[in-house]
Structure formats: structure tokens, C-alpha cells
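What follows is run12.pdb (PDB, N, CA and C atoms).
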```pdb
ATOM      1  N   MET A   1       0.853  -1.168   0.000  1.00  0.00           N
ATOM      2  CA  MET A   1       0.000   0.000   0.000  1.00  0.00           C
ATOM      3  C   MET A   1       0.898   1.231   0.000  1.00  0.00           C
ATOM      4  N   LEU A   2       0.654   2.132  -0.872  1.00  0.00           N
ATOM      5  CA  LEU A   2       1.466   3.324  -1.013  1.00  0.00           C
ATOM      6  C   LEU A   2       0.793   4.504  -0.316  1.00  0.00           C
ATOM      7  N   VAL A   3       1.526   5.187   0.564  1.00  0.00           N
ATOM      8  CA  VAL A   3       1.055   6.412   1.210  1.00  0.00           C
ATOM      9  C   VAL A   3       2.163   7.448   1.056  1.00  0.00           C
ATOM     10  N   SER A   4       1.840   8.708   1.310  1.00  0.00           N
ATOM     11  CA  SER A   4       2.854   9.756   1.184  1.00  0.00           C
ATOM     12  C   SER A   4       2.976  10.545   2.481  1.00  0.00           C
ATOM     13  N   ILE A   5       4.054  11.291   2.576  1.00  0.00           N
ATOM     14  CA  ILE A   5       4.310  12.143   3.735  1.00  0.00           C
ATOM     15  C   ILE A   5       4.083  13.583   3.307  1.00  0.00           C
ATOM     16  N   ASP A   6       3.318  14.360   4.107  1.00  0.00           N
ATOM     17  CA  ASP A   6       3.122  15.763   3.756  1.00  0.00           C
ATOM     18  C   ASP A   6       4.306  16.590   4.268  1.00  0.00           C
ATOM     19  N   ARG A   7       4.288  17.894   4.006  1.00  0.00           N
ATOM     20  CA  ARG A   7       5.403  18.771   4.385  1.00  0.00           C
ATOM     21  C   ARG A   7       5.638  18.811   5.890  1.00  0.00           C
ATOM     22  N   ALA A   8       4.605  18.554   6.666  1.00  0.00           N
ATOM     23  CA  ALA A   8       4.743  18.552   8.131  1.00  0.00           C
ATOM     24  C   ALA A   8       5.229  17.199   8.653  1.00  0.00           C
ATOM     25  N   GLY A   9       5.439  16.226   7.751  1.00  0.00           N
ATOM     26  CA  GLY A   9       5.920  14.909   8.152  1.00  0.00           C
ATOM     27  C   GLY A   9       4.825  13.939   8.535  1.00  0.00           C
ATOM     28  N   ARG A  10       3.574  14.270   8.229  1.00  0.00           N
ATOM     29  CA  ARG A  10       2.448  13.409   8.597  1.00  0.00           C
ATOM     30  C   ARG A  10       2.166  12.374   7.518  1.00  0.00           C
ATOM     31  N   VAL A  11       1.762  11.196   7.988  1.00  0.00           N
ATOM     32  CA  VAL A  11       1.350  10.110   7.098  1.00  0.00           C
ATOM     33  C   VAL A  11      -0.100   9.789   7.432  1.00  0.00           C
ATOM     34  N   VAL A  12      -0.934   9.679   6.419  1.00  0.00           N
ATOM     35  CA  VAL A  12      -2.335   9.327   6.636  1.00  0.00           C
ATOM     36  C   VAL A  12      -2.468   7.810   6.516  1.00  0.00           C
ATOM     37  N   ILE A  13      -3.029   7.199   7.559  1.00  0.00           N
ATOM     38  CA  ILE A  13      -3.295   5.767   7.534  1.00  0.00           C
ATOM     39  C   ILE A  13      -4.699   5.588   6.960  1.00  0.00           C
ATOM     40  N   PRO A  14      -4.841   4.837   5.875  1.00  0.00           N
ATOM     41  CA  PRO A  14      -6.152   4.683   5.238  1.00  0.00           C
ATOM     42  C   PRO A  14      -7.219   4.146   6.202  1.00  0.00           C
ATOM     43  N   LYS A  15      -8.459   4.592   5.990  1.00  0.00           N
ATOM     44  CA  LYS A  15      -9.551   4.250   6.896  1.00  0.00           C
ATOM     45  C   LYS A  15      -9.746   2.747   7.042  1.00  0.00           C
ATOM     46  N   ASP A  16      -9.660   1.978   5.961  1.00  0.00           N
ATOM     47  CA  ASP A  16      -9.875   0.538   6.082  1.00  0.00           C
ATOM     48  C   ASP A  16      -8.815  -0.112   6.985  1.00  0.00           C
ATOM     49  N   VAL A  17      -7.591   0.415   6.960  1.00  0.00           N
ATOM     50  CA  VAL A  17      -6.541  -0.102   7.844  1.00  0.00           C
ATOM     51  C   VAL A  17      -6.828   0.308   9.285  1.00  0.00           C
ATOM     52  N   ARG A  18      -7.233   1.573   9.494  1.00  0.00           N
ATOM     53  CA  ARG A  18      -7.574   2.038  10.852  1.00  0.00           C
ATOM     54  C   ARG A  18      -8.710   1.215  11.427  1.00  0.00           C
ATOM     55  N   ASP A  19      -9.724   0.933  10.615  1.00  0.00           N
ATOM     56  CA  ASP A  19     -10.860   0.127  11.076  1.00  0.00           C
ATOM     57  C   ASP A  19     -10.423  -1.291  11.423  1.00  0.00           C
ATOM     58  N   ARG A  20      -9.621  -1.898  10.560  1.00  0.00           N
ATOM     59  CA  ARG A  20      -9.182  -3.275  10.784  1.00  0.00           C
ATOM     60  C   ARG A  20      -8.350  -3.402  12.062  1.00  0.00           C
ATOM     61  N   LEU A  21      -7.556  -2.358  12.381  1.00  0.00           N
ATOM     62  CA  LEU A  21      -6.705  -2.391  13.571  1.00  0.00           C
ATOM     63  C   LEU A  21      -7.329  -1.692  14.776  1.00  0.00           C
ATOM     64  N   SER A  22      -8.573  -1.238  14.646  1.00  0.00           N
ATOM     65  CA  SER A  22      -9.283  -0.526  15.720  1.00  0.00           C
ATOM     66  C   SER A  22      -8.499   0.688  16.201  1.00  0.00           C
ATOM     67  N   LEU A  23      -8.012   1.486  15.257  1.00  0.00           N
ATOM     68  CA  LEU A  23      -7.287   2.711  15.579  1.00  0.00           C
ATOM     69  C   LEU A  23      -8.233   3.893  15.495  1.00  0.00           C
ATOM     70  N   SER A  24      -8.078   4.826  16.420  1.00  0.00           N
ATOM     71  CA  SER A  24      -8.887   6.043  16.405  1.00  0.00           C
ATOM     72  C   SER A  24      -7.955   7.244  16.526  1.00  0.00           C
ATOM     73  N   GLY A  25      -8.525   8.423  16.571  1.00  0.00           N
ATOM     74  CA  GLY A  25      -7.732   9.644  16.646  1.00  0.00           C
ATOM     75  C   GLY A  25      -6.859   9.751  17.889  1.00  0.00           C
ATOM     76  N   ASP A  26      -7.207   9.024  18.942  1.00  0.00           N
ATOM     77  CA  ASP A  26      -6.392   9.091  20.163  1.00  0.00           C
ATOM     78  C   ASP A  26      -5.492   7.861  20.337  1.00  0.00           C
ATOM     79  N   SER A  27      -5.400   7.021  19.310  1.00  0.00           N
ATOM     80  CA  SER A  27      -4.538   5.838  19.379  1.00  0.00           C
ATOM     81  C   SER A  27      -3.073   6.260  19.363  1.00  0.00           C
ATOM     82  N   GLN A  28      -2.255   5.502  20.079  1.00  0.00           N
ATOM     83  CA  GLN A  28      -0.820   5.745  20.056  1.00  0.00           C
ATOM     84  C   GLN A  28      -0.154   4.665  19.217  1.00  0.00           C
ATOM     85  N   LEU A  29       0.842   5.071  18.434  1.00  0.00           N
ATOM     86  CA  LEU A  29       1.598   4.153  17.601  1.00  0.00           C
ATOM     87  C   LEU A  29       3.071   4.255  17.976  1.00  0.00           C
ATOM     88  N   GLU A  30       3.737   3.112  17.992  1.00  0.00           N
ATOM     89  CA  GLU A  30       5.178   3.105  18.225  1.00  0.00           C
ATOM     90  C   GLU A  30       5.867   3.080  16.872  1.00  0.00           C
ATOM     91  N   LEU A  31       6.833   3.990  16.681  1.00  0.00           N
ATOM     92  CA  LEU A  31       7.614   4.037  15.449  1.00  0.00           C
ATOM     93  C   LEU A  31       8.881   3.227  15.666  1.00  0.00           C
ATOM     94  N   ILE A  32       9.062   2.203  14.844  1.00  0.00           N
ATOM     95  CA  ILE A  32      10.212   1.317  14.960  1.00  0.00           C
ATOM     96  C   ILE A  32      11.027   1.451  13.681  1.00  0.00           C
ATOM     97  N   VAL A  33      12.320   1.755  13.843  1.00  0.00           N
ATOM     98  CA  VAL A  33      13.217   1.873  12.701  1.00  0.00           C
ATOM     99  C   VAL A  33      14.042   0.599  12.636  1.00  0.00           C
ATOM    100  N   GLU A  34      13.959  -0.092  11.507  1.00  0.00           N
ATOM    101  CA  GLU A  34      14.701  -1.340  11.290  1.00  0.00           C
ATOM    102  C   GLU A  34      15.519  -1.167  10.020  1.00  0.00           C
ATOM    103  N   GLY A  35      16.799  -0.881  10.183  1.00  0.00           N
ATOM    104  CA  GLY A  35      17.641  -0.617   9.015  1.00  0.00           C
ATOM    105  C   GLY A  35      17.161   0.634   8.315  1.00  0.00           C
ATOM    106  N   ASP A  36      16.777   0.493   7.038  1.00  0.00           N
ATOM    107  CA  ASP A  36      16.256   1.646   6.300  1.00  0.00           C
ATOM    108  C   ASP A  36      14.739   1.582   6.148  1.00  0.00           C
ATOM    109  N   GLU A  37      14.083   0.831   7.040  1.00  0.00           N
ATOM    110  CA  GLU A  37      12.627   0.704   7.001  1.00  0.00           C
ATOM    111  C   GLU A  37      12.000   1.257   8.268  1.00  0.00           C
ATOM    112  N   LEU A  38      10.760   1.721   8.140  1.00  0.00           N
ATOM    113  CA  LEU A  38       9.956   2.193   9.270  1.00  0.00           C
ATOM    114  C   LEU A  38       8.816   1.211   9.479  1.00  0.00           C
ATOM    115  N   ARG A  39       8.474   1.014  10.734  1.00  0.00           N
ATOM    116  CA  ARG A  39       7.306   0.184  11.047  1.00  0.00           C
ATOM    117  C   ARG A  39       6.528   0.895  12.137  1.00  0.00           C
ATOM    118  N   LEU A  40       5.215   0.969  11.971  1.00  0.00           N
ATOM    119  CA  LEU A  40       4.327   1.528  12.984  1.00  0.00           C
ATOM    120  C   LEU A  40       3.569   0.388  13.631  1.00  0.00           C
ATOM    121  N   ALA A  41       3.549   0.370  14.959  1.00  0.00           N
ATOM    122  CA  ALA A  41       2.833  -0.675  15.682  1.00  0.00           C
ATOM    123  C   ALA A  41       1.919  -0.029  16.711  1.00  0.00           C
ATOM    124  N   PRO A  42       0.637  -0.426  16.746  1.00  0.00           N
ATOM    125  CA  PRO A  42      -0.264   0.129  17.756  1.00  0.00           C
ATOM    126  C   PRO A  42       0.224  -0.218  19.163  1.00  0.00           C
ATOM    127  N   VAL A  43       0.125   0.754  20.061  1.00  0.00           N
ATOM    128  CA  VAL A  43       0.448   0.520  21.467  1.00  0.00           C
ATOM    129  C   VAL A  43      -0.852   0.116  22.142  1.00  0.00           C
ATOM    130  N   ARG A  44      -0.880  -1.091  22.635  1.00  0.00           N
ATOM    131  CA  ARG A  44      -2.074  -1.613  23.294  1.00  0.00           C
ATOM    132  C   ARG A  44      -1.860  -1.570  24.798  1.00  0.00           C
ATOM    133  N   SER A  45      -2.832  -1.030  25.500  1.00  0.00           N
ATOM    134  CA  SER A  45      -2.760  -0.976  26.959  1.00  0.00           C
ATOM    135  C   SER A  45      -3.020  -2.361  27.532  1.00  0.00           C
ATOM    136  N   PRO A  46      -2.219  -2.779  28.506  1.00  0.00           N
ATOM    137  CA  PRO A  46      -2.463  -4.098  29.093  1.00  0.00           C
ATOM    138  C   PRO A  46      -3.812  -4.135  29.798  1.00  0.00           C
ATOM    139  N   GLY A  47      -4.480  -5.251  29.706  1.00  0.00           N
ATOM    140  CA  GLY A  47      -5.736  -5.427  30.421  1.00  0.00           C
ATOM    141  C   GLY A  47      -6.958  -4.891  29.718  1.00  0.00           C
ATOM    142  N   ARG A  48      -6.811  -4.382  28.524  1.00  0.00           N
ATOM    143  CA  ARG A  48      -7.956  -3.850  27.805  1.00  0.00           C
ATOM    144  C   ARG A  48      -8.413  -4.793  26.710  1.00  0.00           C
ATOM    145  N   ARG A  49      -8.009  -6.055  26.832  1.00  0.00           N
ATOM    146  CA  ARG A  49      -8.415  -7.056  25.859  1.00  0.00           C
ATOM    147  C   ARG A  49      -9.827  -7.525  26.138  1.00  0.00           C
ATOM    148  N   VAL A  50     -10.536  -7.789  25.077  1.00  0.00           N
ATOM    149  CA  VAL A  50     -11.872  -8.365  25.204  1.00  0.00           C
ATOM    150  C   VAL A  50     -11.766  -9.819  24.777  1.00  0.00           C
ATOM    151  N   VAL A  51     -12.189 -10.710  25.652  1.00  0.00           N
ATOM    152  CA  VAL A  51     -12.168 -12.141  25.360  1.00  0.00           C
ATOM    153  C   VAL A  51     -13.604 -12.642  25.298  1.00  0.00           C
ATOM    154  N   GLU A  52     -13.798 -13.793  24.675  1.00  0.00           N
ATOM    155  CA  GLU A  52     -15.139 -14.358  24.578  1.00  0.00           C
ATOM    156  C   GLU A  52     -15.273 -15.502  25.576  1.00  0.00           C
ATOM    157  N   ILE A  53     -16.300 -15.423  26.400  1.00  0.00           N
ATOM    158  CA  ILE A  53     -16.592 -16.469  27.378  1.00  0.00           C
ATOM    159  C   ILE A  53     -18.042 -16.882  27.189  1.00  0.00           C
ATOM    160  N   ASP A  54     -18.246 -18.145  26.875  1.00  0.00           N
ATOM    161  CA  ASP A  54     -19.585 -18.688  26.612  1.00  0.00           C
ATOM    162  C   ASP A  54     -20.344 -17.858  25.578  1.00  0.00           C
ATOM    163  N   GLY A  55     -19.601 -17.374  24.568  1.00  0.00           N
ATOM    164  CA  GLY A  55     -20.233 -16.617  23.498  1.00  0.00           C
ATOM    165  C   GLY A  55     -20.449 -15.143  23.806  1.00  0.00           C
ATOM    166  N   TRP A  56     -20.030 -14.680  24.985  1.00  0.00           N
ATOM    167  CA  TRP A  56     -20.211 -13.284  25.374  1.00  0.00           C
ATOM    168  C   TRP A  56     -18.869 -12.563  25.430  1.00  0.00           C
ATOM    169  N   PRO A  57     -18.805 -11.317  24.924  1.00  0.00           N
ATOM    170  CA  PRO A  57     -17.554 -10.561  25.049  1.00  0.00           C
ATOM    171  C   PRO A  57     -17.381 -10.092  26.494  1.00  0.00           C
ATOM    172  N   VAL A  58     -16.215 -10.368  27.049  1.00  0.00           N
ATOM    173  CA  VAL A  58     -15.931 -10.019  28.450  1.00  0.00           C
ATOM    174  C   VAL A  58     -14.565  -9.346  28.499  1.00  0.00           C
ATOM    175  N   VAL A  59     -14.482  -8.238  29.231  1.00  0.00           N
ATOM    176  CA  VAL A  59     -13.206  -7.560  29.408  1.00  0.00           C
ATOM    177  C   VAL A  59     -12.367  -8.395  30.363  1.00  0.00           C
ATOM    178  N   GLU A  60     -11.173  -8.768  29.900  1.00  0.00           N
ATOM    179  CA  GLU A  60     -10.284  -9.609  30.692  1.00  0.00           C
ATOM    180  C   GLU A  60      -9.871  -8.883  31.973  1.00  0.00           C
ATOM    181  N   ALA A  61      -9.930  -9.582  33.086  1.00  0.00           N
ATOM    182  CA  ALA A  61      -9.594  -8.999  34.381  1.00  0.00           C
ATOM    183  C   ALA A  61      -8.098  -8.801  34.521  1.00  0.00           C
ATOM    184  N   VAL A  62      -7.721  -7.661  35.105  1.00  0.00           N
ATOM    185  CA  VAL A  62      -6.325  -7.366  35.410  1.00  0.00           C
ATOM    186  C   VAL A  62      -6.291  -6.829  36.831  1.00  0.00           C
ATOM    187  N   PRO A  63      -5.500  -7.440  37.701  1.00  0.00           N
ATOM    188  CA  PRO A  63      -5.423  -6.959  39.081  1.00  0.00           C
ATOM    189  C   PRO A  63      -5.011  -5.488  39.135  1.00  0.00           C
ATOM    190  N   GLY A  64      -5.734  -4.712  39.916  1.00  0.00           N
ATOM    191  CA  GLY A  64      -5.411  -3.297  40.090  1.00  0.00           C
ATOM    192  C   GLY A  64      -5.973  -2.375  39.027  1.00  0.00           C
ATOM    193  N   LEU A  65      -6.592  -2.916  37.981  1.00  0.00           N
ATOM    194  CA  LEU A  65      -7.166  -2.084  36.926  1.00  0.00           C
ATOM    195  C   LEU A  65      -8.647  -1.872  37.207  1.00  0.00           C
ATOM    196  N   HIS A  66      -9.057  -0.623  37.208  1.00  0.00           N
ATOM    197  CA  HIS A  66     -10.456  -0.290  37.451  1.00  0.00           C
ATOM    198  C   HIS A  66     -11.097   0.143  36.136  1.00  0.00           C
ATOM    199  N   VAL A  67     -12.182  -0.480  35.782  1.00  0.00           N
ATOM    200  CA  VAL A  67     -12.883  -0.193  34.531  1.00  0.00           C
ATOM    201  C   VAL A  67     -14.132   0.617  34.849  1.00  0.00           C
ATOM    202  N   THR A  68     -14.311   1.717  34.121  1.00  0.00           N
ATOM    203  CA  THR A  68     -15.471   2.569  34.334  1.00  0.00           C
ATOM    204  C   THR A  68     -16.531   2.291  33.271  1.00  0.00           C
ATOM    205  N   ASP A  69     -17.718   2.815  33.493  1.00  0.00           N
ATOM    206  CA  ASP A  69     -18.790   2.686  32.503  1.00  0.00           C
ATOM    207  C   ASP A  69     -18.385   3.319  31.174  1.00  0.00           C
ATOM    208  N   SER A  70     -17.680   4.452  31.225  1.00  0.00           N
ATOM    209  CA  SER A  70     -17.265   5.104  29.974  1.00  0.00           C
ATOM    210  C   SER A  70     -16.239   4.260  29.223  1.00  0.00           C
ATOM    211  N   ASP A  71     -15.377   3.516  29.927  1.00  0.00           N
ATOM    212  CA  ASP A  71     -14.450   2.596  29.269  1.00  0.00           C
ATOM    213  C   ASP A  71     -15.232   1.544  28.486  1.00  0.00           C
ATOM    214  N   VAL A  72     -16.210   0.951  29.126  1.00  0.00           N
ATOM    215  CA  VAL A  72     -17.006  -0.097  28.483  1.00  0.00           C
ATOM    216  C   VAL A  72     -17.753   0.461  27.279  1.00  0.00           C
ATOM    217  N   GLN A  73     -18.322   1.651  27.413  1.00  0.00           N
ATOM    218  CA  GLN A  73     -19.047   2.277  26.301  1.00  0.00           C
ATOM    219  C   GLN A  73     -18.111   2.526  25.122  1.00  0.00           C
ATOM    220  N   ARG A  74     -16.899   3.036  25.383  1.00  0.00           N
ATOM    221  CA  ARG A  74     -15.939   3.306  24.315  1.00  0.00           C
ATOM    222  C   ARG A  74     -15.546   2.010  23.602  1.00  0.00           C
ATOM    223  N   TRP A  75     -15.285   0.946  24.352  1.00  0.00           N
ATOM    224  CA  TRP A  75     -14.924  -0.333  23.752  1.00  0.00           C
ATOM    225  C   TRP A  75     -16.076  -0.872  22.909  1.00  0.00           C
ATOM    226  N   ARG A  76     -17.291  -0.735  23.429  1.00  0.00           N
ATOM    227  CA  ARG A  76     -18.464  -1.218  22.683  1.00  0.00           C
ATOM    228  C   ARG A  76     -18.617  -0.445  21.386  1.00  0.00           C
ATOM    229  N   ASP A  77     -18.426   0.883  21.445  1.00  0.00           N
ATOM    230  CA  ASP A  77     -18.520   1.700  20.244  1.00  0.00           C
ATOM    231  C   ASP A  77     -17.443   1.316  19.231  1.00  0.00           C
ATOM    232  N   ASP A  78     -16.227   1.023  19.713  1.00  0.00           N
ATOM    233  CA  ASP A  78     -15.138   0.619  18.814  1.00  0.00           C
ATOM    234  C   ASP A  78     -15.474  -0.682  18.098  1.00  0.00           C
ATOM    235  N   VAL A  79     -16.078  -1.620  18.786  1.00  0.00           N
ATOM    236  CA  VAL A  79     -16.420  -2.916  18.188  1.00  0.00           C
ATOM    237  C   VAL A  79     -17.530  -2.739  17.150  1.00  0.00           C
ATOM    238  N   GLN A  80     -18.433  -1.787  17.354  1.00  0.00           N
ATOM    239  CA  GLN A  80     -19.552  -1.587  16.443  1.00  0.00           C
ATOM    240  C   GLN A  80     -19.158  -0.845  15.174  1.00  0.00           C
ATOM    241  N   ARG A  81     -17.970  -0.243  15.133  1.00  0.00           N
ATOM    242  CA  ARG A  81     -17.542   0.490  13.937  1.00  0.00           C
ATOM    243  C   ARG A  81     -17.209  -0.414  12.818  1.00  0.00           C
TER
END
```

Starting from the file, give its structure as C-alpha cells.
Amino acid sequence: MLVSIDRAGRVVIPKDVRDRLSLSGDSQLELIVEGDELRLAPVRSPGRRVVEIDGWPVVEAVPGLHVTDSDVQRWRDDVQR
């Protein structure tokens, strides 16, 4: 896939790629330089994984992590996109 860099150094990630990787405007990406290549990798927060239990999506438990109603709403909205 070919993309370009604008004068400010920005690269636009195509919408279908953002959707497939569940990236939004507040997503963080890690820039990795390997030789003469660049790689962008989404930074995923630990404990924010959704797993399926008995056919139901469940937020995986992480000791010490507190999940709010707004967290759940945001995750649900991301899945519906």
C-alpha cells in the first residue's frame, strides 16, 4: 500500500486499515526503525483485551485495573464500527 508524507511529516493511515486495527484519533503508535525501514505498531494498553466467554464478550480482568462505565461504552462503540 502506497502512502505519502506531507510537508509537516504526517502520514495518513487509510480508513480501512484504521478500522481493521481498531485505531482512532487518540490511538498511540510506536515508530520502529529497522535498518532503512519504518514500522508503525499500535500501542495496546495491558488489560484492555476483550475475550469471549460462553459466546459473550468479556473484558479480561487485570489486578489493580479499574474499569469505568465510559471505558465499556468506548470499547463497545469501537467494536460496532

I need the residue set behind the PyMOL selection byres ((chain A and resi 17-30) around 5) for this file; please write it as a VMD selection string.
-> chain A and resid 14 to 16 31 to 32 40 to 43

Give the padded box for segment 23-27 of chain A as JSON: axis-aligned, covering all atoms listed in the file, 3 Å on each side, centre and edge lengths in Å to one decimal.
```
{"center_x": -6.0, "center_y": 5.6, "center_z": 17.8, "size_x": 11.8, "size_y": 14.3, "size_z": 11.1}
```

Write out as a PDB file with N, CA and C atoms, keeping the file's coordinate frame all residues of chain A that backbone DSSP assigns to strand (DSSP E).
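Resulting contents of out-v3.pdb:
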```
ATOM      1  N   LEU A  29       0.842   5.071  18.434  1.00  0.00           N
ATOM      2  CA  LEU A  29       1.598   4.153  17.601  1.00  0.00           C
ATOM      3  C   LEU A  29       3.071   4.255  17.976  1.00  0.00           C
ATOM      4  N   GLU A  30       3.737   3.112  17.992  1.00  0.00           N
ATOM      5  CA  GLU A  30       5.178   3.105  18.225  1.00  0.00           C
ATOM      6  C   GLU A  30       5.867   3.080  16.872  1.00  0.00           C
ATOM      7  N   LEU A  31       6.833   3.990  16.681  1.00  0.00           N
ATOM      8  CA  LEU A  31       7.614   4.037  15.449  1.00  0.00           C
ATOM      9  C   LEU A  31       8.881   3.227  15.666  1.00  0.00           C
ATOM     10  N   ILE A  32       9.062   2.203  14.844  1.00  0.00           N
ATOM     11  CA  ILE A  32      10.212   1.317  14.960  1.00  0.00           C
ATOM     12  C   ILE A  32      11.027   1.451  13.681  1.00  0.00           C
ATOM     13  N   VAL A  33      12.320   1.755  13.843  1.00  0.00           N
ATOM     14  CA  VAL A  33      13.217   1.873  12.701  1.00  0.00           C
ATOM     15  C   VAL A  33      14.042   0.599  12.636  1.00  0.00           C
ATOM     16  N   GLU A  34      13.959  -0.092  11.507  1.00  0.00           N
ATOM     17  CA  GLU A  34      14.701  -1.340  11.290  1.00  0.00           C
ATOM     18  C   GLU A  34      15.519  -1.167  10.020  1.00  0.00           C
ATOM     19  N   GLU A  37      14.083   0.831   7.040  1.00  0.00           N
ATOM     20  CA  GLU A  37      12.627   0.704   7.001  1.00  0.00           C
ATOM     21  C   GLU A  37      12.000   1.257   8.268  1.00  0.00           C
ATOM     22  N   LEU A  38      10.760   1.721   8.140  1.00  0.00           N
ATOM     23  CA  LEU A  38       9.956   2.193   9.270  1.00  0.00           C
ATOM     24  C   LEU A  38       8.816   1.211   9.479  1.00  0.00           C
ATOM     25  N   ARG A  39       8.474   1.014  10.734  1.00  0.00           N
ATOM     26  CA  ARG A  39       7.306   0.184  11.047  1.00  0.00           C
ATOM     27  C   ARG A  39       6.528   0.895  12.137  1.00  0.00           C
ATOM     28  N   LEU A  40       5.215   0.969  11.971  1.00  0.00           N
ATOM     29  CA  LEU A  40       4.327   1.528  12.984  1.00  0.00           C
ATOM     30  C   LEU A  40       3.569   0.388  13.631  1.00  0.00           C
ATOM     31  N   ALA A  41       3.549   0.370  14.959  1.00  0.00           N
ATOM     32  CA  ALA A  41       2.833  -0.675  15.682  1.00  0.00           C
ATOM     33  C   ALA A  41       1.919  -0.029  16.711  1.00  0.00           C
ATOM     34  N   PRO A  42       0.637  -0.426  16.746  1.00  0.00           N
ATOM     35  CA  PRO A  42      -0.264   0.129  17.756  1.00  0.00           C
ATOM     36  C   PRO A  42       0.224  -0.218  19.163  1.00  0.00           C
ATOM     37  N   VAL A  50     -10.536  -7.789  25.077  1.00  0.00           N
ATOM     38  CA  VAL A  50     -11.872  -8.365  25.204  1.00  0.00           C
ATOM     39  C   VAL A  50     -11.766  -9.819  24.777  1.00  0.00           C
ATOM     40  N   VAL A  51     -12.189 -10.710  25.652  1.00  0.00           N
ATOM     41  CA  VAL A  51     -12.168 -12.141  25.360  1.00  0.00           C
ATOM     42  C   VAL A  51     -13.604 -12.642  25.298  1.00  0.00           C
ATOM     43  N   GLU A  52     -13.798 -13.793  24.675  1.00  0.00           N
ATOM     44  CA  GLU A  52     -15.139 -14.358  24.578  1.00  0.00           C
ATOM     45  C   GLU A  52     -15.273 -15.502  25.576  1.00  0.00           C
ATOM     46  N   ILE A  53     -16.300 -15.423  26.400  1.00  0.00           N
ATOM     47  CA  ILE A  53     -16.592 -16.469  27.378  1.00  0.00           C
ATOM     48  C   ILE A  53     -18.042 -16.882  27.189  1.00  0.00           C
ATOM     49  N   TRP A  56     -20.030 -14.680  24.985  1.00  0.00           N
ATOM     50  CA  TRP A  56     -20.211 -13.284  25.374  1.00  0.00           C
ATOM     51  C   TRP A  56     -18.869 -12.563  25.430  1.00  0.00           C
ATOM     52  N   PRO A  57     -18.805 -11.317  24.924  1.00  0.00           N
ATOM     53  CA  PRO A  57     -17.554 -10.561  25.049  1.00  0.00           C
ATOM     54  C   PRO A  57     -17.381 -10.092  26.494  1.00  0.00           C
ATOM     55  N   VAL A  58     -16.215 -10.368  27.049  1.00  0.00           N
ATOM     56  CA  VAL A  58     -15.931 -10.019  28.450  1.00  0.00           C
ATOM     57  C   VAL A  58     -14.565  -9.346  28.499  1.00  0.00           C
ATOM     58  N   VAL A  59     -14.482  -8.238  29.231  1.00  0.00           N
ATOM     59  CA  VAL A  59     -13.206  -7.560  29.408  1.00  0.00           C
ATOM     60  C   VAL A  59     -12.367  -8.395  30.363  1.00  0.00           C
TER      61      VAL A  59
END
```
